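> If it helps, the file is called my_file32.txt and holds compact mmCIF, C-alpha atoms:
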# COMPACT_ATOMS: atom_id res chain seq x y z
CA MET A 1417 84.65 104.25 105.16
CA THR A 1418 83.01 107.06 107.07
CA ALA A 1419 82.20 110.36 105.42
CA LEU A 1420 84.93 112.02 107.44
CA GLY A 1421 87.40 109.25 106.71
CA ASP A 1422 86.63 109.65 103.04
CA PHE A 1423 87.09 113.39 103.30
CA ARG A 1424 90.51 112.99 104.94
CA GLU A 1425 91.52 110.51 102.27
CA GLN A 1426 90.61 112.93 99.50
CA LEU A 1427 92.56 115.65 101.26
CA VAL A 1428 95.64 113.45 101.34
CA GLN A 1429 95.32 112.94 97.60
CA LEU A 1430 95.18 116.70 97.12
CA LEU A 1431 98.13 117.65 99.29
CA SER A 1432 100.65 117.93 96.48
CA ARG A 1433 98.44 120.31 94.58
CA LEU A 1434 97.71 122.35 97.70
CA ARG A 1435 101.44 122.65 98.21
CA ARG A 1436 101.91 123.81 94.64
CA PHE A 1437 99.18 126.41 95.01
CA ALA A 1438 100.73 127.59 98.27
CA ARG A 1439 104.16 127.71 96.67
CA SER A 1440 102.84 130.02 93.98
CA LEU A 1441 101.56 132.41 96.67
CA ALA A 1442 104.24 132.29 99.34
CA ARG A 1443 107.75 132.70 98.14
CA ASN A 1444 109.37 130.38 100.53
CA ALA A 1445 108.65 126.72 100.91
CA ALA A 1446 108.31 126.77 104.69
CA ASP A 1447 105.69 129.54 104.56
CA ALA A 1448 103.91 127.63 101.82
CA ASP A 1449 103.68 124.45 103.88
CA ASP A 1450 102.54 126.44 106.91
CA LEU A 1451 99.76 127.81 104.76
CA VAL A 1452 98.79 124.30 103.69
CA GLN A 1453 98.77 123.15 107.30
CA LEU A 1454 96.64 126.03 108.50
CA SER A 1455 94.22 125.55 105.62
CA VAL A 1456 93.86 121.82 106.22
CA GLU A 1457 93.11 122.51 109.88
CA ARG A 1458 90.48 125.05 108.92
CA ALA A 1459 89.02 122.72 106.31
CA LEU A 1460 88.59 119.93 108.83
CA LEU A 1461 86.84 122.24 111.24
CA ARG A 1462 84.18 122.91 108.62
CA TRP A 1463 84.44 119.77 106.53
CA GLN A 1464 80.70 119.26 106.61
CA GLN A 1465 80.23 122.42 104.59
CA TRP A 1466 81.86 120.77 101.64
CA GLN A 1467 79.31 119.12 99.38
CA PRO A 1468 80.39 115.64 98.34
CA GLY A 1469 80.45 115.49 94.58
CA SER A 1470 81.58 119.08 94.20
CA ARG A 1471 85.22 119.90 93.57
CA LEU A 1472 87.28 119.58 96.70
CA ASP A 1473 90.26 121.31 95.08
CA SER A 1474 88.29 124.51 94.41
CA TRP A 1475 86.85 124.40 97.89
CA MET A 1476 90.30 124.02 99.41
CA PHE A 1477 91.72 126.81 97.27
CA GLY A 1478 89.00 129.09 98.63
CA ILE A 1479 90.01 128.26 102.18
CA MET A 1480 93.67 128.74 101.34
CA LYS A 1481 92.99 132.06 99.67
CA ASN A 1482 91.26 133.35 102.79
CA ALA A 1483 93.92 131.94 105.08
CA TRP A 1484 96.62 133.54 102.97
CA ILE A 1485 94.94 136.93 102.95
CA ASP A 1486 94.52 136.70 106.73
CA GLU A 1487 98.19 135.84 107.00
CA LEU A 1488 99.24 138.81 104.86
CA ARG A 1489 97.11 141.15 106.92
CA SER A 1490 98.65 139.94 110.11
CA ARG A 1491 102.13 140.22 108.63
CA GLN A 1492 101.32 143.71 107.51
CA ARG A 1493 100.37 144.54 111.05
CA GLN A 1494 103.70 143.16 112.14
CA SER A 1495 105.51 145.04 109.35
CA GLN A 1496 106.96 141.83 108.02
CA MET A 1497 105.24 142.11 104.72
CA PHE A 1498 108.36 141.93 102.64
CA LEU A 1499 110.53 138.94 103.08
CA PRO A 1500 114.17 139.43 102.28
CA GLU A 1501 115.07 138.65 98.70
CA GLY A 1502 116.23 135.14 98.15
CA SER A 1503 114.66 133.77 101.27
CA GLY A 1504 113.25 130.93 99.19
CA ALA A 1505 114.25 127.46 100.26
CA GLU A 1506 115.57 126.63 96.82
CA VAL A 1507 118.26 129.26 96.72
CA GLY A 1508 121.60 127.82 95.79
CA VAL A 1509 120.29 124.32 95.35
CA ARG A 1510 120.25 124.13 91.61
CA SER A 1511 121.55 126.31 88.85
CA ASP A 1512 120.34 124.71 85.64
CA GLU A 1513 118.44 126.68 83.08
CA ARG A 1514 115.03 125.39 84.00
CA HIS A 1515 115.60 126.29 87.60
CA GLN A 1516 116.82 129.74 86.62
CA ASP A 1517 113.62 130.25 84.72
CA ALA A 1518 111.55 129.04 87.66
CA MET A 1519 113.34 131.57 89.86
CA ALA A 1520 112.63 134.34 87.37
CA ILE A 1521 108.96 133.36 87.25
CA GLN A 1522 108.73 133.30 91.01
CA GLN A 1523 110.35 136.69 91.23
CA ALA A 1524 107.90 138.06 88.70
CA MET A 1525 104.98 136.50 90.54
CA ALA A 1526 106.17 138.10 93.75
CA GLN A 1527 105.87 141.55 92.17
CA LEU A 1528 102.18 141.13 91.43
CA PRO A 1529 99.45 142.57 93.61
CA GLU A 1530 98.00 139.83 95.77
CA GLU A 1531 94.68 139.53 93.92
CA GLN A 1532 96.48 139.11 90.63
CA ARG A 1533 98.90 136.57 92.03
CA LEU A 1534 96.02 134.50 93.39
CA THR A 1535 94.26 134.70 90.05
CA VAL A 1536 97.33 133.59 88.12
CA ALA A 1537 97.90 130.75 90.56
CA LEU A 1538 94.33 129.50 90.18
CA VAL A 1539 93.99 129.77 86.42
CA LEU A 1540 97.47 129.41 84.99
CA VAL A 1541 99.14 127.19 87.55
CA GLU A 1542 96.23 125.13 88.86
CA GLY A 1543 94.24 125.15 85.63
CA LEU A 1544 90.87 126.18 87.03
CA SER A 1545 88.30 127.52 84.59
CA TYR A 1546 87.42 131.21 84.81
CA LYS A 1547 84.13 130.30 86.40
CA GLU A 1548 85.72 128.11 89.05
CA ALA A 1549 88.43 130.64 89.77
CA ALA A 1550 85.87 133.45 90.06
CA GLU A 1551 83.99 131.39 92.61
CA VAL A 1552 87.13 130.77 94.63
CA MET A 1553 88.00 134.47 94.53
CA GLU A 1554 84.39 135.43 95.21
CA VAL A 1555 84.35 137.96 92.37
CA PRO A 1556 82.39 138.25 89.11
CA ILE A 1557 83.99 136.60 86.07
CA GLY A 1558 84.60 140.02 84.49
CA THR A 1559 86.69 141.07 87.48
CA LEU A 1560 88.60 137.83 87.32
CA THR A 1561 89.42 138.10 83.63
CA SER A 1562 90.52 141.71 83.89
CA ARG A 1563 92.83 140.81 86.80
CA LEU A 1564 94.15 137.94 84.78
CA ALA A 1565 94.81 140.16 81.77
CA ARG A 1566 96.64 142.75 83.89
CA ALA A 1567 98.64 140.06 85.63
CA ARG A 1568 99.74 138.49 82.36
CA GLU A 1569 100.78 141.82 80.99
CA ALA A 1570 102.83 142.53 84.10
CA LEU A 1571 104.40 139.09 84.06
CA MET A 1572 105.39 139.36 80.43
CA ARG A 1573 106.90 142.76 81.07
CA GLN A 1574 108.84 141.42 84.04
CA LEU A 1575 110.00 138.37 82.19
CA ASN A 1576 110.88 140.12 78.97
CA ASP A 1577 114.64 139.93 79.42
CA ALA A 1578 114.65 136.51 80.91
CA ASP A 1579 112.38 134.88 78.36
CA PRO A 1580 114.46 132.71 76.05
CA LEU A 1581 111.50 132.35 73.73
CA ARG A 1582 110.83 136.01 73.25
CA ARG A 1583 112.31 137.79 70.27
CA GLY A 1584 112.68 141.07 72.04
CA ASP A 1585 110.61 142.78 69.42
CA ASP A 1586 107.50 143.75 71.20
CA HIS A 1587 106.50 146.94 72.65
CA ASP A 1588 103.36 146.82 74.69
CA THR A 1589 100.87 149.41 73.70
CA HIS A 1590 99.05 149.29 77.01
CA MET B 781 89.19 143.38 63.17
CA THR B 782 92.08 142.61 65.48
CA PRO B 783 91.15 140.32 68.36
CA THR B 784 91.57 141.83 71.78
CA ASP B 785 94.10 140.56 74.27
CA THR B 786 91.20 139.31 76.35
CA LEU B 787 89.99 137.18 73.48
CA LEU B 788 93.45 135.74 72.86
CA MET B 789 93.80 135.08 76.55
CA ALA B 790 90.47 133.25 76.67
CA TYR B 791 91.54 131.23 73.66
CA VAL B 792 94.79 130.12 75.27
CA ASP B 793 92.97 129.34 78.50
CA GLY B 794 90.48 127.14 76.70
CA GLU B 795 87.54 129.37 77.54
CA LEU B 796 86.17 130.06 74.05
CA ASP B 797 83.20 128.19 72.68
CA ALA B 798 83.59 126.20 69.48
CA ASP B 799 82.40 128.98 67.17
CA ALA B 800 84.63 131.69 68.59
CA ARG B 801 87.55 129.30 68.60
CA ALA B 802 87.04 128.39 64.95
CA ARG B 803 86.81 132.06 63.94
CA LEU B 804 90.00 132.91 65.78
CA GLU B 805 91.87 129.93 64.43
CA ALA B 806 90.95 130.95 60.90
CA GLN B 807 92.46 134.38 61.59
CA LEU B 808 95.54 132.87 63.20
CA ALA B 809 96.26 130.83 60.11
CA ASN B 810 96.57 134.00 58.06
CA ASP B 811 98.12 136.37 60.53
CA PRO B 812 101.62 135.55 61.75
CA GLN B 813 101.67 138.52 64.11
CA LEU B 814 98.50 137.36 65.77
CA ALA B 815 99.90 133.84 65.94
CA ALA B 816 102.98 135.24 67.67
CA ARG B 817 100.82 136.96 70.28
CA VAL B 818 99.04 133.67 70.96
CA GLN B 819 102.39 131.92 71.22
CA ARG B 820 103.49 134.46 73.81
CA GLU B 821 100.45 133.67 75.90
CA ARG B 822 101.07 129.97 75.56
CA ASN B 823 104.69 130.36 76.54
CA LEU B 824 103.76 132.27 79.65
CA ARG B 825 101.31 129.56 80.67
CA ALA B 826 103.86 126.82 80.06
CA ARG B 827 106.60 128.64 81.95
CA LEU B 828 104.36 129.28 84.93
CA GLN B 829 103.38 125.65 85.09
CA ALA B 830 106.97 124.50 84.74
CA ALA B 831 108.02 126.88 87.50
CA PHE B 832 105.69 125.38 90.06
CA ASP B 833 105.27 121.80 88.94
CA GLY B 834 108.42 120.68 90.69
CA VAL B 835 106.61 120.57 94.00
CA LEU B 836 104.31 117.85 92.68
CA GLN B 837 107.28 115.50 92.47
CA GLU B 838 108.41 116.16 96.03
CA PRO B 839 107.31 113.80 98.77
CA VAL B 840 104.64 115.43 100.93
CA PRO B 841 106.13 116.20 104.36
CA GLN B 842 104.97 113.84 107.08
CA ARG B 843 103.76 116.71 109.22
CA LEU B 844 101.16 117.63 106.59
CA LEU B 845 99.98 114.04 106.31
CA ASP B 846 99.68 114.01 110.09
CA VAL B 847 97.64 117.19 110.06
CA VAL B 848 95.18 115.64 107.63
CA SER B 849 94.79 112.45 109.58
CA ARG B 850 94.84 113.86 113.09
CA SER B 851 93.32 117.32 113.11
CA GLU B 852 90.08 117.50 114.93
CA ALA B 853 87.01 117.67 112.73
CA GLY B 854 84.47 120.35 113.47
CA VAL B 855 80.79 120.82 114.04
CA ALA B 856 78.40 122.00 111.38
CA PRO B 857 75.56 124.33 112.34
CA VAL B 858 72.39 122.42 113.10
CA SER B 859 70.37 123.91 110.25
CA GLU B 860 73.03 122.90 107.80
CA LEU B 861 73.17 119.41 109.20
CA ALA B 862 69.43 119.07 108.79
CA ALA B 863 69.71 120.19 105.18
CA ARG B 864 72.48 117.71 104.55
CA ARG B 865 70.52 114.86 106.05
CA VAL B 866 67.77 115.53 103.56
CA ARG B 867 70.24 115.63 100.70
CA GLU B 868 72.20 112.52 101.55
CA PRO B 869 70.20 110.38 103.91
CA LYS B 870 72.65 107.50 103.78
CA VAL B 871 75.74 109.33 104.91
CA ALA B 872 76.62 108.75 108.52
CA ARG B 873 77.57 111.80 110.53
CA TRP B 874 80.84 111.48 112.32
CA PRO B 875 82.62 113.10 115.18
CA ARG B 876 81.72 116.36 116.71
CA TRP B 877 83.24 117.13 120.00
CA SER B 878 80.75 119.69 121.13
CA ALA B 879 77.97 117.22 120.43
CA LEU B 880 79.91 114.73 122.47
CA ALA B 881 80.20 117.21 125.32
CA ALA B 882 76.48 117.92 125.13
CA SER B 883 75.65 114.25 125.21
CA VAL B 884 77.88 113.69 128.20
CA LEU B 885 76.16 116.51 130.03
CA LEU B 886 72.76 115.15 129.09
CA GLY B 887 73.95 111.72 130.10
CA LEU B 888 74.91 112.94 133.53
CA ILE B 889 71.51 114.50 134.04
CA LEU B 890 69.64 111.43 132.87
CA GLY B 891 72.10 109.17 134.57
CA ALA B 892 71.60 110.90 137.89
CA ALA B 893 67.87 110.24 137.62
CA LEU B 894 68.42 106.57 136.91
CA TYR B 895 71.10 106.31 139.51
CA ARG B 896 68.69 107.04 142.33
CA SER B 897 67.74 103.42 142.25
CA GLN B 898 71.30 102.57 143.13
CA PHE B 899 70.83 98.86 143.61
CA SER B 900 68.16 98.03 141.11
CA GLY B 901 68.68 100.53 138.29
CA PRO B 902 70.78 100.00 135.21
CA LEU B 903 73.44 102.56 136.12
CA ALA B 904 75.56 103.19 139.17
CA LEU B 905 78.01 105.97 139.93
CA ARG B 906 81.28 104.87 141.40
CA ASP B 907 84.36 107.06 141.77
CA GLY B 908 82.92 109.50 139.27
CA GLN B 909 82.39 106.79 136.71
CA MET B 910 78.97 105.76 135.55
CA LEU B 911 78.89 101.97 135.45
CA ALA B 912 76.36 99.56 133.99
CA GLN B 913 74.80 97.22 136.47
CA GLY B 914 71.95 94.75 136.75
CA ALA B 915 70.13 93.84 133.58
CA LEU B 916 72.11 96.33 131.51
CA ARG B 917 75.38 94.85 132.64
CA THR B 918 74.16 91.36 131.85
CA ALA B 919 73.02 92.48 128.42
CA LEU B 920 76.36 94.12 127.70
CA ASP B 921 78.20 91.05 128.88
CA THR B 922 76.23 88.44 127.00
CA GLN B 923 73.77 89.78 124.48
CA LEU B 924 74.47 89.27 120.80
CA ALA B 925 73.12 91.94 118.50
CA ARG B 926 71.32 89.33 116.41
CA ASN B 927 69.43 88.09 119.52
CA ARG B 928 68.34 91.54 120.58
CA PRO B 929 65.19 91.33 122.73
CA ALA B 930 62.14 93.45 121.95
CA SER B 931 62.23 95.20 125.30
CA GLY B 932 64.49 95.92 128.22
CA ALA B 933 68.21 96.39 127.67
CA GLN B 934 69.07 96.08 123.98
CA VAL B 935 72.61 96.00 122.70
CA GLY B 936 73.23 97.57 119.28
CA TYR B 937 76.69 97.09 117.91
CA SER B 938 80.16 96.62 119.29
CA PHE B 939 83.46 98.17 118.32
CA LEU B 940 87.00 98.60 119.51
CA SER B 941 87.93 101.97 120.93
CA LYS B 942 91.11 103.88 120.15
CA SER B 943 92.45 102.93 123.56
CA GLY B 944 91.88 99.25 122.72
CA ASP B 945 88.78 98.60 124.83
CA TYR B 946 85.61 96.98 123.63
CA CYS B 947 82.64 99.32 123.51
CA ARG B 948 78.98 98.58 122.89
CA SER B 949 75.97 100.73 122.17
CA PHE B 950 72.81 100.05 124.09
CA THR B 951 69.23 101.20 124.43
CA LEU B 952 67.08 100.87 127.52
CA ALA B 953 63.79 100.50 125.72
CA GLY B 954 61.62 101.13 128.75
CA GLN B 955 63.50 104.24 129.80
CA ASP B 956 64.03 106.17 126.60
CA LEU B 957 67.74 106.09 127.02
CA SER B 958 70.53 105.09 124.67
CA GLY B 959 74.20 105.08 125.43
CA ILE B 960 77.69 103.82 124.84
CA ALA B 961 79.58 101.72 127.36
CA CYS B 962 83.19 100.61 127.16
CA ARG B 963 84.71 97.65 128.93
CA SER B 964 87.48 98.72 131.25
CA GLY B 965 88.74 97.32 134.52
CA GLY B 966 86.17 94.53 134.46
CA GLN B 967 83.31 97.04 134.31
CA TRP B 968 81.17 98.59 131.61
CA GLN B 969 81.86 102.28 131.92
CA VAL B 970 79.13 104.39 130.37
CA GLN B 971 80.75 107.00 128.13
CA ALA B 972 77.67 108.93 127.12
CA THR B 973 73.94 108.63 127.01
CA ALA B 974 71.16 110.44 125.17
CA ARG B 975 67.47 110.10 124.56
CA PRO B 976 66.56 108.25 121.38
CA ALA B 977 65.59 110.61 118.56
CA ALA B 978 62.00 111.81 118.54
CA ALA B 979 61.23 109.71 115.48
CA ALA B 980 61.40 106.66 117.70
CA VAL B 981 58.19 107.76 119.33
CA THR B 982 56.37 108.76 116.16
CA GLY B 983 57.50 105.51 114.58
CA GLU B 984 55.42 103.46 116.93
CA ALA B 985 53.03 101.01 115.39
CA GLY B 986 50.13 99.69 117.41
CA GLY B 987 51.70 101.05 120.58
CA LEU B 988 54.86 99.02 120.11
CA ARG B 989 58.14 100.74 119.55
CA MET B 990 59.61 99.66 116.25
CA ALA B 991 62.75 97.63 116.58
CA ALA B 992 64.99 99.99 114.64
CA SER B 993 64.65 103.12 116.72
CA PRO B 994 66.69 106.04 115.40
CA TRP B 995 70.02 106.29 117.05
CA PRO B 996 70.56 109.65 118.77
CA GLU B 997 72.70 111.93 116.65
CA ALA B 998 74.81 112.95 119.62
CA LEU B 999 75.82 109.37 120.25
CA THR B 1000 76.90 108.85 116.68
CA ALA B 1001 79.46 111.54 117.34
CA THR B 1002 80.53 109.79 120.52
CA VAL B 1003 80.96 106.51 118.73
CA ASP B 1004 83.10 108.01 116.05
CA ALA B 1005 85.23 109.88 118.53
CA LEU B 1006 85.84 106.62 120.35
CA ARG B 1007 86.06 104.00 117.71
CA ALA B 1008 89.23 102.75 116.12
CA GLY B 1009 87.63 100.88 113.24
CA ASP B 1010 84.46 99.37 111.88
CA PRO B 1011 81.92 97.69 114.14
CA LEU B 1012 82.60 94.06 115.01
CA ASP B 1013 80.89 91.52 112.80
CA ALA B 1014 78.68 88.83 114.33
CA GLU B 1015 81.54 86.37 114.64
CA ALA B 1016 83.90 88.78 116.34
CA GLU B 1017 81.11 89.86 118.65
CA GLN B 1018 80.43 86.27 119.67
CA GLN B 1019 84.11 85.58 120.30
CA ALA B 1020 84.35 88.70 122.45
CA VAL B 1021 81.37 87.54 124.52
CA GLN B 1022 83.06 84.18 125.00
CA ARG B 1023 86.27 85.82 126.15
CA GLY B 1024 84.34 88.01 128.60
CA TRP B 1025 85.23 91.11 126.57
CA THR B 1026 88.96 90.82 127.11
CA ARG B 1027 91.26 91.27 124.14
CA PRO B 1028 92.59 88.08 122.53
Write the structure described by the file as structure tokens, please.


Amino acid sequence: MTALGDFREQLVQLLSRLRRFARSLARNAADADDLVQLSVERALLRWQQWQPGSRLDSWMFGIMKNAWIDELRSRQRQSQMFLPEGSGAEVGVRSDERHQDAMAIQQAMAQLPEEQRLTVALVLVEGLSYKEAAEVMEVPIGTLTSRLARAREALMRQLNDADPLRRGDDHDTH
Amino acid sequence: MTPTDTLLMAYVDGELDADARARLEAQLANDPQLAARVQRERNLRARLQAAFDGVLQEPVPQRLLDVVSRSEAGVAPVSELAARRVREPKVARWPRWSALAASVLLGLILGAALYRSQFSGPLALRDGQMLAQGALRTALDTQLARNRPASGAQVGYSFLSKSGDYCRSFTLAGQDLSGIACRSGGQWQVQATARPAAAAVTGEAGGLRMAASPWPEALTATVDALRAGDPLDAEAEQQAVQRGWTRP
């Protein structure tokens, strides 16, 4: 198989995870898949910059992060920054408890500043190490961990009422 | 001392080294409140994962699969390419459209020079198509890669193009020209040509060009843009010669 053929094959294997990462950034499934598409196109244009043997997932997340930020900036210019509530593709499809919780999580994620949402998506959803995530975000590890700490705090605050596992006893001192 | 949130977070995220982890776990065993804080962090992680994992079970939309398999692949800057060649000498470089365009342009320039000898040269222009003629045409028609001569028109390898035509690479040893020709309409249409890489000249031994002259980078891109699969093996090549390069 050619180097490019091999690269495309590895991308195919990654698509599900790229979709998940996109889903944790964009609130609706169609936007998320558009982001994946755009990122794959960009990745193929510069596929030779990827070093075989290094992590393709991290490399792709970096491209997606930049594509997403570009997208937000252009939306901001078009004043379409805020999608209407409940524009997610899953609305009304399921109503079981797990789905309810997923909706609550997505709502809480949507409230985060973009840098924090990206950080949460990389570390907590995609399971990257701090070092890998810092490289994707192009920030020092200290910046990454402080964003992560703030994001967690905000998420826990948001999810306080909806968390079936919480005892409702805590009062954040921060 | 009470561990900081950052420390608890690093613990839950698996970022602590063995020593720090052991110290914290010893504290956790004796401090239910601390254990509850850790549990909160764990719960958040688990809920986030559960919230987004559903997408992994969904079939990937066909349009995304199509984008991966069909999007055009790009060109790396030359300096980077050179660096990569040093790093991984065995990896073939595949398609780059701008390289293809450059090789076509170069091919037209070189081709025009060769074409002056309209009736005796290896190439002829007809209706805007550069066609192989004379010894080159004969070589493309009949030469097997394993019987490649030491001089004159040498055929490299053969492959099927995406449009279903047979294509062959060739080198005109006496004229410092390599190219790709595809069989179409009973003719060998030259798709692109380029000068062999400079190493071909420095690789000379006793004034004789070494048999394995480096294949021009630009043509590698052309081949990959054209080809539908791997090069023909010796048997398939021989059968194609016998069929006069028509598809079975």

> Give one line per residue of chain A that approaches chain B to at most 9 Å, naming the two atoms of the closest pair and their distance in Å to one decimal, counting all atoms listed in the file; sort by chain then ascending residue number and deliver it as CSV.


residue,atom,partner,partner_atom,distance
A:Met1417,CA,B:Asp1010,CA,8.3
A:Thr1418,CA,B:Ala872,CA,6.8
A:Ala1419,CA,B:Val871,CA,6.6
A:Leu1420,CA,B:Trp874,CA,6.4
A:Gly1421,CA,B:Ser849,CA,8.5
A:Arg1424,CA,B:Val848,CA,6.0
A:Glu1425,CA,B:Ser849,CA,8.2
A:Leu1427,CA,B:Val848,CA,6.9
A:Val1428,CA,B:Leu845,CA,6.6
A:Leu1431,CA,B:Val840,CA,7.1
A:Ser1432,CA,B:Leu836,CA,5.3
A:Arg1433,CA,B:Leu836,CA,6.6
A:Arg1435,CA,B:Val835,CA,7.0
A:Arg1436,CA,B:Val835,CA,5.7
A:Phe1437,CA,B:Phe832,CA,8.2
A:Arg1439,CA,B:Phe832,CA,7.2
A:Ser1440,CA,B:Phe832,CA,6.7
A:Asp1449,CA,B:Leu844,CA,7.8
A:Asp1450,CA,B:Leu844,CA,8.9
A:Val1452,CA,B:Leu844,CA,7.6
A:Gln1453,CA,B:Leu844,CA,6.1
A:Val1456,CA,B:Val848,CA,6.5
A:Glu1457,CA,B:Ser851,CA,6.1
A:Arg1458,CA,B:Gly854,CA,8.9
A:Ala1459,CA,B:Ala853,CA,8.4
A:Leu1460,CA,B:Ala853,CA,4.8
A:Leu1461,CA,B:Gly854,CA,3.8
A:Arg1462,CA,B:Gly854,CA,5.5
A:Trp1463,CA,B:Gly854,CA,7.0
A:Gln1464,CA,B:Ala856,CA,6.0
A:Gln1465,CA,B:Ala856,CA,7.0
A:Gln1467,CA,B:Arg864,CA,8.7
A:Arg1514,CA,B:Ala831,CA,8.0
A:His1515,CA,B:Ala831,CA,7.6
A:Asp1517,CA,B:Ala831,CA,7.1
A:Ala1518,CA,B:Ala831,CA,4.1
A:Met1519,CA,B:Ala831,CA,7.5
A:Ala1520,CA,B:Ala831,CA,8.8
A:Ile1521,CA,B:Ala831,CA,6.6
A:Gln1522,CA,B:Ala831,CA,7.4
A:Val1536,CA,B:Leu828,CA,8.8
A:Ala1537,CA,B:Leu828,CA,8.7
A:Val1539,CA,B:Asp793,CA,8.0
A:Leu1540,CA,B:Arg825,CA,5.8
A:Val1541,CA,B:Gln829,CA,5.1
A:Glu1542,CA,B:Gln829,CA,8.1
A:Gly1543,CA,B:Asp793,CA,8.4
A:Ser1545,CA,B:Glu795,CA,7.3
A:Tyr1546,CA,B:Glu795,CA,7.5
A:Thr1561,CA,B:Thr786,CA,7.6
A:Ser1562,CA,B:Thr786,CA,7.9
A:Leu1564,CA,B:Met789,CA,8.7
A:Ala1565,CA,B:Thr786,CA,6.6
A:Arg1568,CA,B:Leu824,CA,7.9
A:Leu1571,CA,B:Leu824,CA,8.1
A:Met1572,CA,B:Leu824,CA,7.3
A:Leu1581,CA,B:Asn823,CA,7.6
A:Arg1582,CA,B:Arg820,CA,7.5

> Go through A:Ala1445, A:Asp1486, A:Glu1548, A:Arg1533 and flag the residue nearest Ser1470 in chain A, using only C-alpha atoms for the distances.

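Closest candidate: A:Glu1548.
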
> Quote the spacing between CA of Val1555 in chain A and CA of Phe1477 in chain A in Å to one decimal place.

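These two atoms are separated by 14.2 Å.
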
> Using only C-alpha atoms, which protein or nucleic acid residues come within 12 Å of Leu808 in chain B? Drop anything in the same chain fewer than 5 positions from it, and give the result as number ranges by chain.

B: 782-783, 788, 791, 801-803, 813-819

> Report, in Å with one decimal, the straight-line distance from CA of Arg948 in chain B to CA of Arg963 in chain B.

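Pair CA of Arg948 in chain B / CA of Arg963 in chain B returns 8.4 Å.
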
> Quick one: residues within 12 Å of Leu924 in chain B, all atoms listed in the file counted, chain neighbours fewer than 3 positions away excluded, as number ranges by chain?

B: 918-921, 927-929, 933-938, 948-950, 1012-1022

> Work out where the centre of an axis-aligned box around every listed atom of range 1540-1550 of chain A lies and how long its edges are once 5 Å is added on each side; give both in Å to one decimal as JSON.


{"center_x": 91.6, "center_y": 129.3, "center_z": 87.3, "size_x": 25.0, "size_y": 18.3, "size_z": 15.5}

> When you draw a straight line from CA of Ser964 in chain B to CA of Ala1005 in chain B, how long is it in Å?

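Separation between CA of Ser964 in chain B and CA of Ala1005 in chain B: 17.1 Å.
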
> Choose the residue, out of A:Asp1422, A:Glu1513, A:Asp1473, A:Glu1530, that has the smallest atom-to-atom separation from Ala1442 in chain A; count all atoms listed in the file.

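Comparing A:Asp1422, A:Glu1513, A:Asp1473, A:Glu1530 against Ala1442 in chain A, the winner is A:Glu1530.
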